[in-house]
file coords.pdb (PDB, C-alpha atoms, pLDDT in the B column)
ATOM      1  CA  GLN G 202       0.943   0.269 -18.522  1.00 55.00           C
ATOM      2  CA  LYS G 203       3.082   1.475 -15.651  1.00 62.00           C
ATOM      3  CA  GLU G 204       4.437  -1.532 -13.791  1.00 87.00           C
ATOM      4  CA  VAL G 205       6.513  -2.382 -10.783  1.00 93.00           C
ATOM      5  CA  GLU G 206       8.177  -5.780 -10.917  1.00 94.00           C
ATOM      6  CA  GLN G 207       9.394  -7.844  -7.997  1.00 95.00           C
ATOM      7  CA  ASN G 208      10.410 -11.459  -7.622  1.00 91.00           C
ATOM      8  CA  SER G 209       7.625 -13.004  -5.555  1.00 88.00           C
ATOM      9  CA  GLY G 210       9.987 -15.441  -3.834  1.00 89.00           C
ATOM     10  CA  PRO G 211       9.990 -16.874  -1.316  1.00 94.00           C
ATOM     11  CA  LEU G 212      13.479 -15.592  -0.581  1.00 96.00           C
ATOM     12  CA  SER G 213      15.046 -17.570   2.228  1.00 97.00           C
ATOM     13  CA  VAL G 214      17.946 -16.018   4.164  1.00 97.00           C
ATOM     14  CA  PRO G 215      19.760 -17.326   7.263  1.00 97.00           C
ATOM     15  CA  GLU G 216      19.445 -15.300  10.432  1.00 97.00           C
ATOM     16  CA  GLY G 217      22.208 -12.727  10.693  1.00 97.00           C
ATOM     17  CA  ALA G 218      22.844 -12.599   6.949  1.00 98.00           C
ATOM     18  CA  ILE G 219      22.053  -9.803   4.505  1.00 98.00           C
ATOM     19  CA  ALA G 220      18.718  -9.974   2.697  1.00 97.00           C
ATOM     20  CA  SER G 221      18.651  -8.300  -0.713  1.00 97.00           C
ATOM     21  CA  LEU G 222      15.320  -7.362  -2.264  1.00 98.00           C
ATOM     22  CA  ASN G 223      15.042  -6.004  -5.777  1.00 97.00           C
ATOM     23  CA  CYS G 224      12.503  -4.040  -7.768  1.00 96.00           C
ATOM     24  CA  THR G 225      12.379  -2.704 -11.315  1.00 97.00           C
ATOM     25  CA  TYR G 226       9.917  -0.236 -12.736  1.00 95.00           C
ATOM     26  CA  SER G 227       8.840   0.842 -16.186  1.00 93.00           C
ATOM     27  CA  ASP G 228       7.821   4.495 -15.729  1.00 87.00           C
ATOM     28  CA  ARG G 229      10.863   6.743 -16.186  1.00 88.00           C
ATOM     29  CA  GLY G 230       8.825   9.655 -14.877  1.00 86.00           C
ATOM     30  CA  SER G 231       8.644   8.171 -11.382  1.00 87.00           C
ATOM     31  CA  GLN G 232      10.438  10.260  -8.779  1.00 85.00           C
ATOM     32  CA  SER G 233       9.463   8.845  -5.388  1.00 90.00           C
ATOM     33  CA  PHE G 234      10.088   5.294  -4.272  1.00 93.00           C
ATOM     34  CA  PHE G 235       9.109   3.425  -1.145  1.00 94.00           C
ATOM     35  CA  TRP G 236       9.581   0.091   0.535  1.00 96.00           C
ATOM     36  CA  TYR G 237       6.776  -1.238   2.686  1.00 95.00           C
ATOM     37  CA  ARG G 238       6.718  -4.303   4.890  1.00 96.00           C
ATOM     38  CA  GLN G 239       3.494  -6.263   5.168  1.00 95.00           C
ATOM     39  CA  TYR G 240       2.875  -9.040   7.631  1.00 95.00           C
ATOM     40  CA  SER G 241       0.210 -11.575   6.758  1.00 90.00           C
ATOM     41  CA  GLY G 242      -3.263 -10.149   7.324  1.00 88.00           C
ATOM     42  CA  LYS G 243      -1.950  -6.692   8.182  1.00 92.00           C
ATOM     43  CA  SER G 244      -1.700  -3.447   6.277  1.00 93.00           C
ATOM     44  CA  PRO G 245       1.625  -2.218   4.877  1.00 93.00           C
ATOM     45  CA  GLU G 246       4.117  -0.435   7.095  1.00 92.00           C
ATOM     46  CA  LEU G 247       6.579   2.070   5.649  1.00 92.00           C
ATOM     47  CA  ILE G 248      10.221   0.971   5.919  1.00 94.00           C
ATOM     48  CA  MET G 249      12.112   3.384   3.689  1.00 94.00           C
ATOM     49  CA  SER G 250      11.577   6.140   1.176  1.00 93.00           C
ATOM     50  CA  ILE G 251      14.136   7.217  -1.415  1.00 95.00           C
ATOM     51  CA  TYR G 252      14.018  10.014  -3.930  1.00 92.00           C
ATOM     52  CA  SER G 253      17.583  10.446  -5.251  1.00 94.00           C
ATOM     53  CA  ASN G 254      20.054   8.143  -6.936  1.00 96.00           C
ATOM     54  CA  GLY G 255      22.389   6.366  -4.559  1.00 97.00           C
ATOM     55  CA  ASP G 256      22.073   4.779  -1.158  1.00 97.00           C
ATOM     56  CA  LYS G 257      20.021   5.738   1.849  1.00 97.00           C
ATOM     57  CA  GLU G 258      20.641   4.030   5.170  1.00 97.00           C
ATOM     58  CA  ASP G 259      18.368   3.774   8.187  1.00 96.00           C
ATOM     59  CA  GLY G 260      19.480   1.391  10.889  1.00 97.00           C
ATOM     60  CA  ARG G 261      19.708  -2.121   9.446  1.00 97.00           C
ATOM     61  CA  PHE G 262      18.002  -1.041   6.224  1.00 98.00           C
ATOM     62  CA  THR G 263      19.622   0.445   3.119  1.00 98.00           C
ATOM     63  CA  ALA G 264      17.633   1.503   0.082  1.00 98.00           C
ATOM     64  CA  GLN G 265      19.389   1.894  -3.253  1.00 98.00           C
ATOM     65  CA  LEU G 266      18.046   3.749  -6.264  1.00 97.00           C
ATOM     66  CA  ASN G 267      19.352   3.805  -9.833  1.00 97.00           C
ATOM     67  CA  LYS G 268      17.014   5.803 -12.033  1.00 95.00           C
ATOM     68  CA  ALA G 269      19.047   5.181 -15.190  1.00 95.00           C
ATOM     69  CA  SER G 270      18.559   1.442 -14.745  1.00 95.00           C
ATOM     70  CA  GLN G 271      15.062   1.893 -13.284  1.00 95.00           C
ATOM     71  CA  TYR G 272      16.033  -0.207 -10.327  1.00 95.00           C
ATOM     72  CA  VAL G 273      15.364   0.028  -6.615  1.00 97.00           C
ATOM     73  CA  SER G 274      16.652  -2.314  -3.960  1.00 98.00           C
ATOM     74  CA  LEU G 275      16.419  -2.851  -0.224  1.00 98.00           C
ATOM     75  CA  LEU G 276      19.158  -4.434   1.854  1.00 98.00           C
ATOM     76  CA  ILE G 277      18.453  -5.741   5.330  1.00 98.00           C
ATOM     77  CA  ARG G 278      21.572  -6.345   7.411  1.00 98.00           C
ATOM     78  CA  ASP G 279      21.745  -8.736  10.354  1.00 98.00           C
ATOM     79  CA  SER G 280      18.432 -10.297   9.329  1.00 98.00           C
ATOM     80  CA  GLN G 281      16.143 -11.321  12.176  1.00 97.00           C
ATOM     81  CA  PRO G 282      13.243 -13.801  12.179  1.00 96.00           C
ATOM     82  CA  SER G 283      10.943 -10.828  12.807  1.00 96.00           C
ATOM     83  CA  ASP G 284      11.971  -9.495   9.388  1.00 97.00           C
ATOM     84  CA  SER G 285      10.075 -12.379   7.794  1.00 97.00           C
ATOM     85  CA  ALA G 286       7.273 -10.685   5.839  1.00 97.00           C
ATOM     86  CA  THR G 287       6.293  -9.581   2.363  1.00 96.00           C
ATOM     87  CA  TYR G 288       8.173  -6.518   1.162  1.00 97.00           C
ATOM     88  CA  LEU G 289       6.367  -4.248  -1.250  1.00 95.00           C
ATOM     89  CA  CYS G 290       8.094  -1.872  -3.605  1.00 95.00           C
ATOM     90  CA  ALA G 291       5.983   1.188  -4.421  1.00 93.00           C
ATOM     91  CA  LEU G 292       6.315   4.407  -6.357  1.00 91.00           C
ATOM     92  CA  PHE G 293       4.419   7.473  -7.389  1.00 86.00           C
ATOM     93  CA  PRO G 294       3.990   7.271 -11.160  1.00 78.00           C
ATOM     94  CA  GLY G 295       5.025  10.208 -13.280  1.00 69.00           C
ATOM     95  CA  GLY G 296       2.449  12.540 -14.733  1.00 63.00           C
ATOM     96  CA  GLY G 297       1.084  13.774 -11.439  1.00 59.00           C
ATOM     97  CA  ALA G 298      -0.861  10.672 -10.462  1.00 61.00           C
ATOM     98  CA  ASP G 299      -1.652  10.694  -6.763  1.00 70.00           C
ATOM     99  CA  GLY G 300      -1.913   7.044  -5.832  1.00 80.00           C
ATOM    100  CA  LEU G 301       0.979   4.696  -5.220  1.00 85.00           C
ATOM    101  CA  THR G 302       1.662   1.864  -7.632  1.00 88.00           C
ATOM    102  CA  PHE G 303       2.746  -1.314  -5.869  1.00 90.00           C
ATOM    103  CA  GLY G 304       4.698  -4.344  -6.946  1.00 92.00           C
ATOM    104  CA  LYS G 305       3.336  -7.751  -6.001  1.00 90.00           C
ATOM    105  CA  GLY G 306       5.835  -8.064  -3.208  1.00 93.00           C
ATOM    106  CA  THR G 307       8.654 -10.413  -2.268  1.00 96.00           C
ATOM    107  CA  HIS G 308       8.015 -12.935   0.464  1.00 95.00           C
ATOM    108  CA  LEU G 309      11.093 -12.987   2.709  1.00 97.00           C
ATOM    109  CA  ILE G 310      11.772 -15.823   5.144  1.00 97.00           C
ATOM    110  CA  ILE G 311      14.537 -15.482   7.720  1.00 97.00           C
ATOM    111  CA  GLN G 312      15.624 -18.903   8.902  1.00 96.00           C
ATOM    112  CA  PRO G 313      16.665 -19.099  12.575  1.00 92.00           C
TER     113      PRO G 313
ATOM    114  CA  GLY N  94       4.919   8.755  11.520  1.00 67.00           C
ATOM    115  CA  ALA N  95       1.416  10.001  10.862  1.00 78.00           C
ATOM    116  CA  VAL N  96      -1.533   7.925  12.071  1.00 90.00           C
ATOM    117  CA  VAL N  97      -4.360   6.683   9.903  1.00 94.00           C
ATOM    118  CA  SER N  98      -7.170   4.796  11.594  1.00 95.00           C
ATOM    119  CA  GLN N  99      -9.558   2.485   9.779  1.00 96.00           C
ATOM    120  CA  HIS N 100     -12.734   0.951  11.116  1.00 96.00           C
ATOM    121  CA  PRO N 101     -13.967  -1.746  11.306  1.00 97.00           C
ATOM    122  CA  SER N 102     -11.011  -4.102  11.138  1.00 96.00           C
ATOM    123  CA  TRP N 103     -13.212  -6.935   9.965  1.00 96.00           C
ATOM    124  CA  VAL N 104     -16.822  -7.352   8.922  1.00 97.00           C
ATOM    125  CA  ILE N 105     -19.022 -10.187   7.743  1.00 97.00           C
ATOM    126  CA  CYS N 106     -22.152  -9.323   5.804  1.00 96.00           C
ATOM    127  CA  LYS N 107     -24.833 -11.056   3.787  1.00 97.00           C
ATOM    128  CA  SER N 108     -24.994 -10.854   0.017  1.00 97.00           C
ATOM    129  CA  GLY N 109     -26.998  -7.892  -1.150  1.00 97.00           C
ATOM    130  CA  THR N 110     -26.337  -5.722   1.876  1.00 97.00           C
ATOM    131  CA  SER N 111     -24.120  -2.649   2.102  1.00 97.00           C
ATOM    132  CA  VAL N 112     -21.062  -2.119   4.251  1.00 98.00           C
ATOM    133  CA  LYS N 113     -19.423   1.158   5.228  1.00 98.00           C
ATOM    134  CA  ILE N 114     -15.736   1.443   6.040  1.00 98.00           C
ATOM    135  CA  GLU N 115     -14.291   4.546   7.683  1.00 97.00           C
ATOM    136  CA  CYS N 116     -10.813   5.973   7.295  1.00 96.00           C
ATOM    137  CA  ARG N 117      -9.570   8.762   9.548  1.00 95.00           C
ATOM    138  CA  SER N 118      -6.338  10.720   9.636  1.00 94.00           C
ATOM    139  CA  LEU N 119      -5.785  11.286  13.342  1.00 93.00           C
ATOM    140  CA  ASP N 120      -2.949  13.794  13.505  1.00 91.00           C
ATOM    141  CA  PHE N 121      -2.970  15.534  10.161  1.00 90.00           C
ATOM    142  CA  GLN N 122      -5.395  16.841   7.597  1.00 90.00           C
ATOM    143  CA  ALA N 123      -5.687  14.942   4.351  1.00 87.00           C
ATOM    144  CA  THR N 124      -7.273  16.560   1.334  1.00 81.00           C
ATOM    145  CA  THR N 125      -6.691  13.300  -0.490  1.00 86.00           C
ATOM    146  CA  MET N 126      -7.104   9.733   0.707  1.00 92.00           C
ATOM    147  CA  PHE N 127      -6.712   6.505  -1.196  1.00 93.00           C
ATOM    148  CA  TRP N 128      -8.590   3.241  -1.155  1.00 96.00           C
ATOM    149  CA  TYR N 129      -6.893  -0.027  -2.042  1.00 95.00           C
ATOM    150  CA  ARG N 130      -8.081  -3.595  -2.315  1.00 95.00           C
ATOM    151  CA  GLN N 131      -5.924  -6.652  -1.836  1.00 93.00           C
ATOM    152  CA  PHE N 132      -6.905 -10.199  -2.700  1.00 92.00           C
ATOM    153  CA  PRO N 133      -5.003 -13.131  -1.152  1.00 87.00           C
ATOM    154  CA  LYS N 134      -1.411 -13.372  -2.348  1.00 82.00           C
ATOM    155  CA  GLN N 135      -1.939 -10.360  -4.612  1.00 86.00           C
ATOM    156  CA  SER N 136      -0.571  -6.855  -4.459  1.00 85.00           C
ATOM    157  CA  LEU N 137      -2.484  -3.799  -3.383  1.00 88.00           C
ATOM    158  CA  MET N 138      -4.584  -2.396  -6.178  1.00 90.00           C
ATOM    159  CA  LEU N 139      -5.628   1.241  -6.096  1.00 90.00           C
ATOM    160  CA  MET N 140      -9.391   1.496  -6.359  1.00 94.00           C
ATOM    161  CA  ALA N 141      -9.993   5.198  -6.082  1.00 94.00           C
ATOM    162  CA  THR N 142      -8.672   8.521  -4.914  1.00 91.00           C
ATOM    163  CA  SER N 143     -10.908  10.310  -2.470  1.00 88.00           C
ATOM    164  CA  ASN N 144     -10.890  14.112  -2.663  1.00 83.00           C
ATOM    165  CA  GLU N 145     -12.232  16.273   0.133  1.00 83.00           C
ATOM    166  CA  GLY N 146     -15.245  18.228  -1.019  1.00 82.00           C
ATOM    167  CA  SER N 147     -15.398  16.739  -4.485  1.00 84.00           C
ATOM    168  CA  LYS N 148     -16.064  13.515  -6.307  1.00 88.00           C
ATOM    169  CA  ALA N 149     -13.721  10.597  -6.019  1.00 91.00           C
ATOM    170  CA  THR N 150     -11.565   9.531  -8.928  1.00 92.00           C
ATOM    171  CA  TYR N 151     -11.938   5.846  -9.718  1.00 94.00           C
ATOM    172  CA  GLU N 152      -9.395   3.583 -11.361  1.00 92.00           C
ATOM    173  CA  GLN N 153     -10.304   1.823 -14.544  1.00 92.00           C
ATOM    174  CA  GLY N 154     -12.505  -1.183 -13.940  1.00 93.00           C
ATOM    175  CA  VAL N 155     -13.771  -0.062 -10.534  1.00 95.00           C
ATOM    176  CA  GLU N 156     -17.528   0.490 -10.428  1.00 94.00           C
ATOM    177  CA  LYS N 157     -18.219   3.881  -8.909  1.00 93.00           C
ATOM    178  CA  ASP N 158     -21.872   3.045  -8.260  1.00 95.00           C
ATOM    179  CA  LYS N 159     -20.879  -0.023  -6.315  1.00 96.00           C
ATOM    180  CA  PHE N 160     -18.039   1.467  -4.304  1.00 97.00           C
ATOM    181  CA  LEU N 161     -19.329   4.767  -2.993  1.00 96.00           C
ATOM    182  CA  ILE N 162     -16.727   7.118  -1.593  1.00 94.00           C
ATOM    183  CA  ASN N 163     -17.446  10.165   0.521  1.00 91.00           C
ATOM    184  CA  HIS N 164     -14.761  12.531   1.783  1.00 89.00           C
ATOM    185  CA  ALA N 165     -16.808  14.960   3.815  1.00 83.00           C
ATOM    186  CA  SER N 166     -14.032  16.423   5.943  1.00 89.00           C
ATOM    187  CA  LEU N 167     -10.260  16.790   5.934  1.00 89.00           C
ATOM    188  CA  THR N 168      -9.882  13.859   8.305  1.00 93.00           C
ATOM    189  CA  LEU N 169     -12.539  11.372   7.212  1.00 94.00           C
ATOM    190  CA  SER N 170     -13.218   9.332   4.101  1.00 94.00           C
ATOM    191  CA  THR N 171     -15.730   6.522   3.867  1.00 95.00           C
ATOM    192  CA  LEU N 172     -16.032   3.643   1.435  1.00 97.00           C
ATOM    193  CA  THR N 173     -19.427   1.982   1.111  1.00 97.00           C
ATOM    194  CA  VAL N 174     -19.619  -1.343  -0.670  1.00 98.00           C
ATOM    195  CA  THR N 175     -23.178  -1.503  -1.956  1.00 97.00           C
ATOM    196  CA  SER N 176     -25.086  -4.665  -2.777  1.00 97.00           C
ATOM    197  CA  ALA N 177     -22.117  -6.739  -1.716  1.00 97.00           C
ATOM    198  CA  HIS N 178     -21.419 -10.082  -3.369  1.00 96.00           C
ATOM    199  CA  PRO N 179     -19.051 -12.865  -2.316  1.00 96.00           C
ATOM    200  CA  GLU N 180     -16.554 -11.764  -4.969  1.00 96.00           C
ATOM    201  CA  ASP N 181     -16.259  -8.437  -3.126  1.00 96.00           C
ATOM    202  CA  SER N 182     -14.707 -10.299  -0.204  1.00 97.00           C
ATOM    203  CA  SER N 183     -11.246  -8.834   0.147  1.00 97.00           C
ATOM    204  CA  PHE N 184      -8.913  -6.787   2.316  1.00 97.00           C
ATOM    205  CA  TYR N 185      -9.693  -3.089   1.920  1.00 97.00           C
ATOM    206  CA  ILE N 186      -7.043  -0.598   2.988  1.00 97.00           C
ATOM    207  CA  CYS N 187      -7.059   3.176   3.048  1.00 96.00           C
ATOM    208  CA  SER N 188      -4.083   5.479   3.067  1.00 94.00           C
ATOM    209  CA  ALA N 189      -3.362   9.176   3.315  1.00 91.00           C
ATOM    210  CA  ARG N 190      -0.417  11.532   2.973  1.00 82.00           C
ATOM    211  CA  PRO N 191       0.231  14.579   5.149  1.00 78.00           C
ATOM    212  CA  PHE N 192       1.277  16.465   2.029  1.00 75.00           C
ATOM    213  CA  ARG N 193       1.810  15.793  -1.668  1.00 70.00           C
ATOM    214  CA  ASP N 194       4.757  13.545  -2.528  1.00 68.00           C
ATOM    215  CA  SER N 195       5.307  12.497   1.067  1.00 74.00           C
ATOM    216  CA  GLU N 196       5.171   8.872   2.072  1.00 78.00           C
ATOM    217  CA  ALA N 197       1.737   7.353   2.463  1.00 82.00           C
ATOM    218  CA  PHE N 198       0.509   5.966   5.762  1.00 89.00           C
ATOM    219  CA  PHE N 199      -1.971   3.151   5.877  1.00 93.00           C
ATOM    220  CA  GLY N 200      -4.939   2.307   8.004  1.00 95.00           C
ATOM    221  CA  GLN N 201      -5.118  -1.075   9.660  1.00 95.00           C
ATOM    222  CA  GLY N 202      -7.227  -2.497   6.844  1.00 96.00           C
ATOM    223  CA  THR N 203     -10.707  -4.008   6.809  1.00 97.00           C
ATOM    224  CA  ARG N 204     -11.237  -7.675   6.109  1.00 97.00           C
ATOM    225  CA  LEU N 205     -14.612  -7.943   4.359  1.00 97.00           C
ATOM    226  CA  THR N 206     -16.291 -11.310   4.019  1.00 97.00           C
ATOM    227  CA  VAL N 207     -19.559 -11.514   2.106  1.00 97.00           C
ATOM    228  CA  VAL N 208     -21.555 -14.683   2.721  1.00 97.00           C
TER     229      VAL N 208
END

call {"tool": "encode", "arguments": {"input": "coords.pdb", "output": "structure tokens"}}
result
Amino acid sequence: QKEVEQNSGPLSVPEGAIASLNCTYSDRGSQSFFWYRQYSGKSPELIMSIYSNGDKEDGRFTAQLNKASQYVSLLIRDSQPSDSATYLCALFPGGGADGLTFGKGTHLIIQP
Amino acid sequence: GAVVSQHPSWVICKSGTSVKIECRSLDFQATTMFWYRQFPKQSLMLMATSNEGSKATYEQGVEKDKFLINHASLTLSTLTVTSAHPEDSSFYICSARPFRDSEAFFGQGTRLTVV
């Protein structure tokens, strides 16, 4: 079974600090990886996509991908209370499957 | 990013009735759309892949006769929950991609409550 694993948290981080969210996956054939943010009762919102090994930065967000270790991470710099949400790691499984596979999400709390 | 619109945002229905949920891609054409279900404190689970002009592909364990999917045009997919039961109460979310392997954009979600 192709799985995406995340620590459910909650992960509590002081305002202004760096929040580090981690994700591991089992399908080595996966090529496309995404981080979504989901507020309670709302649908997911795309934060970052990453396709190649290394780092990808967008504003306060940095996604990191290591395919050899089957590991994806998201760093949030200068964390704000509005960053408090559940962060979902998602990927397209290998083998041509069309639908995203999601992890269960990490609940992030930014403490003012 | 691309816009996906879902309607209604919430619905309450009686057991045994049917409910239709619409998903529209507003600024792009989507030959494929996806339907997810999310129970409280759980992750999104893919229910089915909706293909324009052909039958939907259902994930294992999802009853195709209960969750009817129609993708009649390149911008509209509908999910009909037939003979709804309280255990069908959930958050249903659709998504679509402008092209294969691009990021997926989500509709606002539909909160279904069956009483």

call {"tool": "atom_distance", "arguments": {"input": "coords.pdb", "atom1": "CA of Val104 (chain N)", "atom2": "CA of Ala165 (chain N)"}}
result
22.9 Å

call {"tool": "closest_atom_pairs", "arguments": {"input": "coords.pdb", "of": "region 99-208 of chain N", "to": "region 231-237 of chain G", "cutoff": "12 Å", "atoms": "all atoms listed in the file", "output": "JSON lines"}}
result
{"residue": "N:Ser136", "atom": "CA", "partner": "G:Tyr237", "partner_atom": "CA", "distance": 11.7}
{"residue": "N:Leu137", "atom": "CA", "partner": "G:Tyr237", "partner_atom": "CA", "distance": 11.4}
{"residue": "N:Arg193", "atom": "CA", "partner": "G:Ser233", "partner_atom": "CA", "distance": 11.0}
{"residue": "N:Asp194", "atom": "CA", "partner": "G:Ser233", "partner_atom": "CA", "distance": 7.2}
{"residue": "N:Ser195", "atom": "CA", "partner": "G:Ser233", "partner_atom": "CA", "distance": 8.5}
{"residue": "N:Glu196", "atom": "CA", "partner": "G:Phe235", "partner_atom": "CA", "distance": 7.5}
{"residue": "N:Ala197", "atom": "CA", "partner": "G:Phe235", "partner_atom": "CA", "distance": 9.1}
{"residue": "N:Phe198", "atom": "CA", "partner": "G:Tyr237", "partner_atom": "CA", "distance": 10.0}
{"residue": "N:Phe199", "atom": "CA", "partner": "G:Tyr237", "partner_atom": "CA", "distance": 10.3}

call {"tool": "resolve_selection", "arguments": {"input": "coords.pdb", "expression": "the ChimeraX specification (/N :<8) & /G", "output": "list in words"}}
result
Ser233, Phe235, Lys243, Ser244, Pro245, Glu246, Leu247, Ser250, Phe293, Asp299, Gly300, Leu301, Thr302, Phe303, Gly304, Lys305 and Gly306 of chain G

call {"tool": "resolve_selection", "arguments": {"input": "coords.pdb", "expression": "the PyMOL selection byres ((chain G and resi 221) around 6)", "output": "mmCIF file with C-alpha atoms, in the coordinates of the input"}}
result
data_model
loop_
_atom_site.group_PDB
_atom_site.id
_atom_site.type_symbol
_atom_site.label_atom_id
_atom_site.label_comp_id
_atom_site.auth_asym_id
_atom_site.auth_seq_id
_atom_site.Cartn_x
_atom_site.Cartn_y
_atom_site.Cartn_z
ATOM 1 C CA ALA G 220 18.718 -9.974 2.697
ATOM 2 C CA LEU G 222 15.320 -7.362 -2.264
ATOM 3 C CA LEU G 275 16.419 -2.851 -0.224
ATOM 4 C CA LEU G 276 19.158 -4.434 1.854
#

call {"tool": "closest_residue", "arguments": {"input": "coords.pdb", "among": "G:Lys268, G:Lys257, G:Ser227, G:Thr307", "to": "Ser285 (chain G)", "atoms": "all atoms listed in the file"}}
result
G:Thr307

call {"tool": "resolve_selection", "arguments": {"input": "coords.pdb", "expression": "the PyMOL selection byres ((chain G and resi 255) around 12)", "output": "PyMOL selection string"}}
result
chain G and resi 251-254+256-258+263-270+272-275

call {"tool": "residues_around", "arguments": {"input": "coords.pdb", "residues": "Lys107 (chain N)", "least_positions_apart": "6", "cutoff": "9 Å", "atoms": "all atoms listed in the file", "output": "PyMOL selection string"}}
result
chain N and resi 177-179+206-208

call {"tool": "residues_around", "arguments": {"input": "coords.pdb", "residues": "region 155-163 of chain N", "least_positions_apart": "6", "cutoff": "10 Å", "atoms": "only C-alpha atoms", "output": "list of chain:residue names"}}
result
N:Ser111, N:Val112, N:Lys113, N:Ile114, N:Glu115, N:Trp128, N:Leu139, N:Met140, N:Ala141, N:Thr142, N:Ser143, N:Asn144, N:Glu145, N:Gly146, N:Ser147, N:Lys148, N:Ala149, N:Leu169, N:Ser170, N:Thr171, N:Leu172, N:Thr173, N:Val174, N:Thr175, N:Ser176, N:Ala177

call {"tool": "write_last_selection", "arguments": {"input": "coords.pdb", "atoms": "C-alpha atoms", "output": "PDB file, in the frame of the given file"}}
result
ATOM      1  CA  SER N 111     -24.120  -2.649   2.102  1.00 97.00           C
ATOM      2  CA  VAL N 112     -21.062  -2.119   4.251  1.00 98.00           C
ATOM      3  CA  LYS N 113     -19.423   1.158   5.228  1.00 98.00           C
ATOM      4  CA  ILE N 114     -15.736   1.443   6.040  1.00 98.00           C
ATOM      5  CA  GLU N 115     -14.291   4.546   7.683  1.00 97.00           C
ATOM      6  CA  TRP N 128      -8.590   3.241  -1.155  1.00 96.00           C
ATOM      7  CA  LEU N 139      -5.628   1.241  -6.096  1.00 90.00           C
ATOM      8  CA  MET N 140      -9.391   1.496  -6.359  1.00 94.00           C
ATOM      9  CA  ALA N 141      -9.993   5.198  -6.082  1.00 94.00           C
ATOM     10  CA  THR N 142      -8.672   8.521  -4.914  1.00 91.00           C
ATOM     11  CA  SER N 143     -10.908  10.310  -2.470  1.00 88.00           C
ATOM     12  CA  ASN N 144     -10.890  14.112  -2.663  1.00 83.00           C
ATOM     13  CA  GLU N 145     -12.232  16.273   0.133  1.00 83.00           C
ATOM     14  CA  GLY N 146     -15.245  18.228  -1.019  1.00 82.00           C
ATOM     15  CA  SER N 147     -15.398  16.739  -4.485  1.00 84.00           C
ATOM     16  CA  LYS N 148     -16.064  13.515  -6.307  1.00 88.00           C
ATOM     17  CA  ALA N 149     -13.721  10.597  -6.019  1.00 91.00           C
ATOM     18  CA  LEU N 169     -12.539  11.372   7.212  1.00 94.00           C
ATOM     19  CA  SER N 170     -13.218   9.332   4.101  1.00 94.00           C
ATOM     20  CA  THR N 171     -15.730   6.522   3.867  1.00 95.00           C
ATOM     21  CA  LEU N 172     -16.032   3.643   1.435  1.00 97.00           C
ATOM     22  CA  THR N 173     -19.427   1.982   1.111  1.00 97.00           C
ATOM     23  CA  VAL N 174     -19.619  -1.343  -0.670  1.00 98.00           C
ATOM     24  CA  THR N 175     -23.178  -1.503  -1.956  1.00 97.00           C
ATOM     25  CA  SER N 176     -25.086  -4.665  -2.777  1.00 97.00           C
ATOM     26  CA  ALA N 177     -22.117  -6.739  -1.716  1.00 97.00           C
TER      27      ALA N 177
END

call {"tool": "residues_around", "arguments": {"input": "coords.pdb", "residues": "Pro215 (chain G)", "least_positions_apart": "4", "cutoff": "8 Å", "atoms": "all atoms listed in the file", "output": "PDB file with C-alpha atoms, in the coordinates of the input"}}
result
ATOM      1  CA  SER G 280      18.432 -10.297   9.329  1.00 98.00           C
ATOM      2  CA  ILE G 311      14.537 -15.482   7.720  1.00 97.00           C
ATOM      3  CA  GLN G 312      15.624 -18.903   8.902  1.00 96.00           C
ATOM      4  CA  PRO G 313      16.665 -19.099  12.575  1.00 92.00           C
TER       5      PRO G 313
END

call {"tool": "atom_distance", "arguments": {"input": "coords.pdb", "atom1": "CA of Pro101 (chain N)", "atom2": "CA of His164 (chain N)"}}
result
17.2 Å

call {"tool": "atom_distance", "arguments": {"input": "coords.pdb", "atom1": "CA of Gly242 (chain G)", "atom2": "CA of Tyr226 (chain G)"}}
result
26.0 Å

call {"tool": "residues_near_point", "arguments": {"input": "coords.pdb", "point": "(-8.8, 9.5, 11.5)", "cutoff": "7 Å", "atoms": "all atoms listed in the file", "output": "ChimeraX atom specification"}}
result
/N:97-98,116-119,168-169

call {"tool": "residues_around", "arguments": {"input": "coords.pdb", "residues": "Ile310 (chain G)", "least_positions_apart": "2", "cutoff": "9 Å", "atoms": "all atoms listed in the file", "output": "count of residues only"}}
result
12

call {"tool": "closest_residue", "arguments": {"input": "coords.pdb", "among": "G:Leu292, G:Arg278, G:Asp259, G:Ala218", "to": "Glu204 (chain G)", "atoms": "all atoms listed in the file"}}
result
G:Leu292

call {"tool": "closest_residue", "arguments": {"input": "coords.pdb", "among": "G:Ser241, G:Val205, G:Ile248, G:Gly210", "to": "Phe132 (chain N)", "atoms": "all atoms listed in the file"}}
result
G:Ser241

call {"tool": "axis_aligned_box", "arguments": {"input": "coords.pdb", "around": "region 271-286 of chain G", "padding_each_side": "3 Å", "output": "lines of an AutoDock Vina configuration file"}}
result
center_x = 14.5
center_y = -6.0
center_z = -0.2
size_x = 20.5
size_y = 21.7
size_z = 32.1
